[in-house]
Amino acid sequence: MSESHNHLVDNSLSGKIKKETGVSVARCYQCGKCSAGCPVSVDMDYPPSLLIRKLQTGLPEHEEQVLRSKSIWFCLSCEMCIARCPMEVDIPPMMDYLRHESIRLKKVNPASKNIISFHKAFLDSIEQTGKLYEMGLIVDYKTRSFNLMQDVMLAPSMFAKGKLSILPEVIKNRRNMKQIFKNTLKNKQK
Amino acid sequence: MARIGVFICHCGENISATVDCPKVSEVAAKFPGVVYSIDYKYMCSDPGQSMVVNAIKEHKLTGVVVSACSPRMHEPTFRRACAEAGLNPYLCEMANIREHCSWVHEKGDKTDQKAIDVVRMMVEKVKRNNALMSIKVPVTKTALVIGGGVAGIQAALDIANAGHKVIMVERDPSIGGHMSQLSETFPTLDCSQCILTPRMVEVAQNPNIKLYTYAEVESVEGFVGNFTVKIRKKAKSVDETVCNGCGLCTTKCPNKKIPNEFELGMGKRPAIYVPFPQAVPNIPVIDKINCTYYKTGKCKICEKVCQAKAIRFDQEDEIIEVAVGAIAICTGFDVKKTDFFPEYGYGKYKDIIDGLQFERMASASGPTSGEMRRPSDGQTPKKIVFVACAGSRDPAKGIEYCSKICCMYTAKHAMLYKHKVHDGTAYVFYMDIRAAGKNYDEFTRRGIEEDGAKYIRGRVSKIYERDGKLIVVGADTLMNAETVEIEADMVVLATAGVANPGAEELAQKLHVSYDQHKFFSEAHPKLKPVETNTAGIYLAGACQAPKDIPESVAAASGVAGKISCLFANNELTREPLIAFVDRTAPPEYSSCTGCFLCQPVCPYNAIEREDVKDRNGNLIKQLAYINPGLCQGCGTCVAVCKSKSIDIDGYTNSQMYYEVDALLNS
Amino acid sequence: MQKIKLGYYPGCSLEGSSREYNESVQAIAEKLGIELVSIPDWNCCGATAAHNLNKELSLSLPARNLALAEEAGLKELVVPCAACYSRFTTTQHELMHDETMHQKVNGIIGKEYKGNLRILNVIQFIEEFIIDKLDDNIKFEFNKKVACYYGCLLVRPNKILNFDRTEDPQTMDVVMKKLGADSIDWAYKTECCGAGFSVSFTEAVGRLSGKIVEDADHRGAEALIVACPMCHSNLDMRRPEIDKYNGKKLNIPVLYITQAIGLALGIDRNILGLQRHFVTVKLNDFKPFAKKIEVENLQITEEI
Amino acid sequence: MSEFEPKIVAFVCNWCTYAGADLTGTSRIKYSANVRIVRFPCTGRIDYMLLTKAFASGADGIIVSGCHPNDCHYTSGNFYARRRWMVFKKICDFMGIDTRRIVFSWVSAAEGGKWAEIVNSTNEEIKKLGPYESYHKLSTQDILA
Ligand SMILES: Cc1cc2nc3c(=O)[nH]c(=O)nc-3n(C[C@H](O)[C@H](O)[C@H](O)COP(=O)(O)OP(=O)(O)OC[C@H]3O[C@@H](n4cnc5c(N)ncnc54)[C@H](O)[C@@H]3O)c2cc1C
Ligand SMILES: Cc1cc2nc3c(=O)[nH]c(=O)nc-3n(C[C@H](O)[C@H](O)[C@H](O)COP(=O)(O)OP(=O)(O)OC[C@H]3O[C@@H](n4cnc5c(N)ncnc54)[C@H](O)[C@@H]3O)c2cc1C
Ligand code: SF4
Ligand code: SF4
Ligand code: SF4
Ligand code: SF4
Ligand code: SF4
Ligand code: SF4
Ligand code: SF4
Ligand code: SF4
């Protein structure tokens, strides 16, 4: 019967995307509107529509390219693509999923090291204090990324303008915060 | 008492190789009511048919069962034979023992038993058949054509030339439709006006055609062959019989700053106007909303200058009633405006226009006399961008279907532009080039190869204005989806083709169905493309879906052919296998309870409400009444009626009941 | 004047690098008799980092705050940071539309969020609680040409946020016109500034923010008006990178919309935190407010 | 010795399934002879009380088949048939009629093979269920009472 193809088991990456996020890459007809509007498509190795194209073929080498791409890390989650996509292909949640998979399968693109280091430092800060400790974040990020020179000029003026505090603000219920991280991020990584 | 004859056919060996025909005949002879039973090699052969004819006469048969092939094959043959013998043809039934028996089962008792059961079933049925007369309905040989675009024009001329009367109703002051707005037409690039105007004039001059412009259909009643239509003639404020079309009034009217609909707002017109110079009829109308006299009670200049004394400020809408036998809907389509695409600038930039506006700009009779001039400052655009699928194939913001004509007209536009601005550059953003038609692909190739239109495969993401230029941001999906930015002087959006406003309302008046996009629905997408589900009402042109001129014209001629067939006879003969509501006399005793559950299920709107009144004219009851002109005999209402007040000839409740019983109680 | 009490989530940036945003929100609220009650013991919303790395974390961090706000009996929650607003609204949407996830997140945070909060971004807060009071309180007319910059997080994803239209939004412009400003039509209202890549991918931010600042300046705007701390820090603090990208120095200042309102209300510049900006805010010579400014209510034509 | 041979009645529409069964014939595809076909103009015409009538008269299984959705010769008859079937099925459940014995299907005029498959699979299914004696008995008693 005509419904039967809904029951097909789809083990391709696009099949998993559909199952986990509800986003169907098959809907994309490669018009390129997302790529044209995406603010960082020039920085990406594959602009969003091309990334989707690679998922559409379902070929293992293409899926590998996707998971190892810079694109998934350069995506800003700005939602411009979905705001304009005529077929309503919801790219941002797909990007989130691909990032998670890329980490899980240890396929993270080396060029996105900085971005991930920053995200990790950011989350560490929250885990420790419950809030973002910007000074700590910058120090932490710099040690992780070895990007020591960048922004040294900015910090002193930020101090001067009262925009950076030396000591972190800490929430009271730090146990609760640890708990949340234990139940989510730490849980996944094990 | 029933006197039934049974005729078992061998079909050469097609049946007899599997089914024991003599045995079936023998058993059948003993069924109650059967007075004659025989088997024969080829029942449909001349001798076979004569056997039937003779047996009817000889044995005074009141019913015939031919047990042979599928009724879909030879039912008409044997019904004709019965009629020849003086038996009502509807007293003949066929039992299918070939397609449904000998060809699909193995030889043996089980198969014989099945054949016997099937014959018994049909014997029980035929005993309860009614003698029926084919329904004859008189045909009014006048056609109504609604809409005077190219489709309506073609349909009207073809029907009129076949010798029938045509009434054409056009909503605008002139016929011509969208084609009259076009500059040149694909795939030949011939001038649209040049080929259309003569046909428009023919409509006006053909003695068989009565043209009502500035008019609309008010209501439609009746059924195939016999429609009664009310037409509202909107007041033109001009006496058509007196006006000689000199046009003096239009030049003297002081109120000249009204946006011209025909030029899509790119030109102006006076309050008393003829929509375009070649208009048919060439009679002006007064736009009451904008006329100074209607607004303030002062002016009447047109009246003063009119030598023919044709102006009638007190004219009122007029309702005319006409009788027609068939209706052709040719109301065409519309194009979406540019302002529904937020990322393309909300229609706030003057130099972004739609395809139809481009047609006017390219047209020698248009507001720029055919010169390419951008609306904001009248400069010649040196770089122009065409955006295909601007609103089509876009479930998110536009419509999901492909508008079909825009690939072609966009290619045409790019060519026309290059023919007019030799040093200009034309870019086309597209997704696919849909050019499936005779000489269509060749046409778009010519645009690319010879006229140098630069096609970029990608959808435009955004258009914004900066320093008097329109920045068009798109992607080139054939080049790794790289972003392409073009600084254009003018942008033309190939906006979607959509249903005409008012199409839904018209469909409801006519009781014909329409799809989710408000286009009229054909009765069958392949085999009945110009019929609607209502007998006698047909469709042609872009009112069905976006269509180009060749397709619209082909469909219109198809409709004309259909209507001419209908008009070829004085009467319409229809199968009498239709439903009827129980009507005892007096009608108040009808078992119909007036619940009207049957009414909405009828696909043909054949069920009406009939008032039963007492002598004083007081309403006692409402009954269902099935219009025999509209009923197609599906039987849905029969199954729905809870009080069993509806029955259907050929498949009556008692027939079906006894068929089932006979089939099983062997 | 009866005091209005509203829930408040300042978020991390407003306590650190964007404290002037907090200061200006508080200042105008106080001036107009509104009390903003912070969620007790609130935590960071997780911003981009959390949802880039882990979905459940990205929902749990905001959910804890929402649950705490509910516990504290708050009905409305004002969230000035557009990024936090986006995370909160998305979380609320996801939890209310996915019961399994809702239960899971409740388990993770050890609290229950029922979904009864109304989450307001700064513009909604202004529209609902500030705008009507302006006429009686304005001292100066903000007679400048401004470019309102919405960024991405305020209007997208429209399906969830359901705020203004995604392309060419108007709500900020309406507020600015009400203050007497001439808000211009420009091309970068909703283009992304580079958001969370400020530190990790500064070149991109220079380019993206560079285009925004340049277009506003090119069209003669005297100030950029923003409603998000990330937009502000990118457009204001990243000026060296922006100027490098554009190959010229641009001096157009970037103001929070609350600072603009504050100026019109006659609040001291330092209380509004203008001295903290990297690009000096020179704007002065405001005209004294003379008469009510009638702004035509915007007709939203996008959604059909 | 003799195996149970179910009696199956098929209620089909004239335009799709009847023609489809004709095609099975012209294609000479064999199927079980236990089926008897009753022709209706449209599935919309099928009064479901006829199904109970068929069971009462001795049917063990019933096939109802017409045009595919949207292919109805009369545009929407099959749609109403389907809708009424949903209601009727509830009534059957209430009355204790075994709805496993009623097969609803779509067979177009081009699906000769499908028709044979449906007859055969229904035949096998009903064979497994056995004769519908409980209903035959019940109704006979009803009639006698
Ligand atoms: C920009 C553009 C360029 C095109 N270029 C080409 C081309 O080069 N070649 C080509 O083959 N095709 C072209 N087409 C397509 C062409 O316009 C259509 O195929 C053609 O106009 C369809 O004719 P029609 O009679 O069906 O409809 P229409 O032309 O739309 O005519 C319908 C008529 O019905 C009238 N009407 C509507 N509703 C009512 C009512 N309720 N009562 C009474 N009257 C009513 C209207 O006023 C109108 O006169 C183009 C279309 C567009 C938009
Ligand atoms: C692979 C394929 C798949 C298709 N699928 C679809 C589909 O899914 N849907 C669809 O709508 N369309 C489909 N089509 C198109 C469809 O087949 C045609 O539209 C249709 O057959 C055209 O009908 P016709 O009568 O014009 O021509 P034909 O079907 O070609 O019939 C022409 C007849 O004329 C006879 N003839 C030829 N020359 C002479 C002569 N000199 N004297 C006497 N008789 C002659 C031929 O023998 C033939 O019987 C498909 C076509 C192909 C090739
Ligand atoms: S959400 Fe990511 S992919 Fe989409 S437009 Fe923004 S940056 Fe590009
Ligand atoms: S905009 Fe949508 S349909 Fe177009 S290429 Fe991108 S994802 Fe595909
Ligand atoms: S009537 Fe039918 S079955 Fe008999 S010979 Fe003719 S075709 Fe064959
Ligand atoms: S109304 Fe009078 S002036 Fe006008 S066109 Fe007709 S005849 Fe001429
Ligand atoms: S009365 Fe009306 S139509 Fe006539 S001239 Fe005056 S404005 Fe024009
Ligand atoms: S015809 Fe071409 S331009 Fe028009 S909607 Fe279809 S594909 Fe797009
Ligand atoms: S369903 Fe039956 S009772 Fe009801 S109105 Fe129709 S015919 Fe009469
Ligand atoms: S038999 Fe069908 S077409 Fe005729 S009235 Fe009944 S439902 Fe309508």
# chains A, B, ... in the order shown; residues from 1 in each chain; ligands from 1
>>> residues_near_ligand(ligand="ligand 1", cutoff="7 Å", atoms="only C-alpha atoms and all ligand atoms", output="VMD selection string")
chain B and resid 146 to 152 169 to 172 175 to 179 182 184 to 187 215 to 217 330 to 335 355 to 356 359 405 to 406 409 412 497 500 502 to 503 506 540 to 543 547 to 550 552
>>> residues_around(residues="segment 74-89 of chain A", least_positions_apart="4", cutoff="6 Å", atoms="only C-alpha atoms", output="CSV table (one decimal) with N, CA, C and O atoms, in the first residue's frame")
chain,number,residue,atom,x,y,z
A,34,CYS,N,19.0,29.4,1.1
A,34,CYS,CA,19.6,29.4,2.4
A,34,CYS,C,21.1,29.8,2.3
A,34,CYS,O,21.6,30.6,3.1
B,394,ASP,N,6.6,27.4,-3.4
B,394,ASP,CA,7.0,27.9,-2.2
B,394,ASP,C,6.0,27.8,-1.1
B,394,ASP,O,5.2,28.7,-0.9
B,395,PRO,N,5.9,26.6,-0.5
B,395,PRO,CA,4.9,26.4,0.5
B,395,PRO,C,5.0,27.3,1.6
B,395,PRO,O,4.0,27.6,2.3
B,396,ALA,N,6.2,27.8,1.9
B,396,ALA,CA,6.4,28.7,3.1
B,396,ALA,C,5.6,30.0,3.0
B,396,ALA,O,4.9,30.4,3.8
C,152,CYS,N,19.3,38.7,14.9
C,152,CYS,CA,18.5,37.5,14.5
C,152,CYS,C,17.6,37.0,15.6
C,152,CYS,O,16.6,36.5,15.4
>>> closest_residue(among="B:Glu84, B:Glu343, B:Asp20, B:Glu218", to="chain A", atoms="only C-alpha atoms")
B:Glu343
>>> interface_residues(of="chain B", to="chain D", cutoff="9 Å", atoms="only C-alpha atoms", output="ChimeraX atom specification")
/B:70,72,98-106,110-111,114,117-118,121,523-524,533,601-604,632-640,650-651,653,656-657,659-665
>>> residues_near_ligand(ligand="ligand 9", cutoff="8 Å", atoms="only C-alpha atoms and all ligand atoms", output="VMD selection string")
chain B and resid 581 to 582 591 to 599 623 to 625 637 to 638 640 to 646
>>> atom_distance(atom1="atom CA of Thr140 of chain B", atom2="atom CA of Gly325 of chain B")
4.5 Å
>>> residues_near_ligand(ligand="ligand 2", cutoff="10 Å", atoms="only C-alpha atoms and all ligand atoms", output="PyMOL selection string")
chain B and resi 525-527
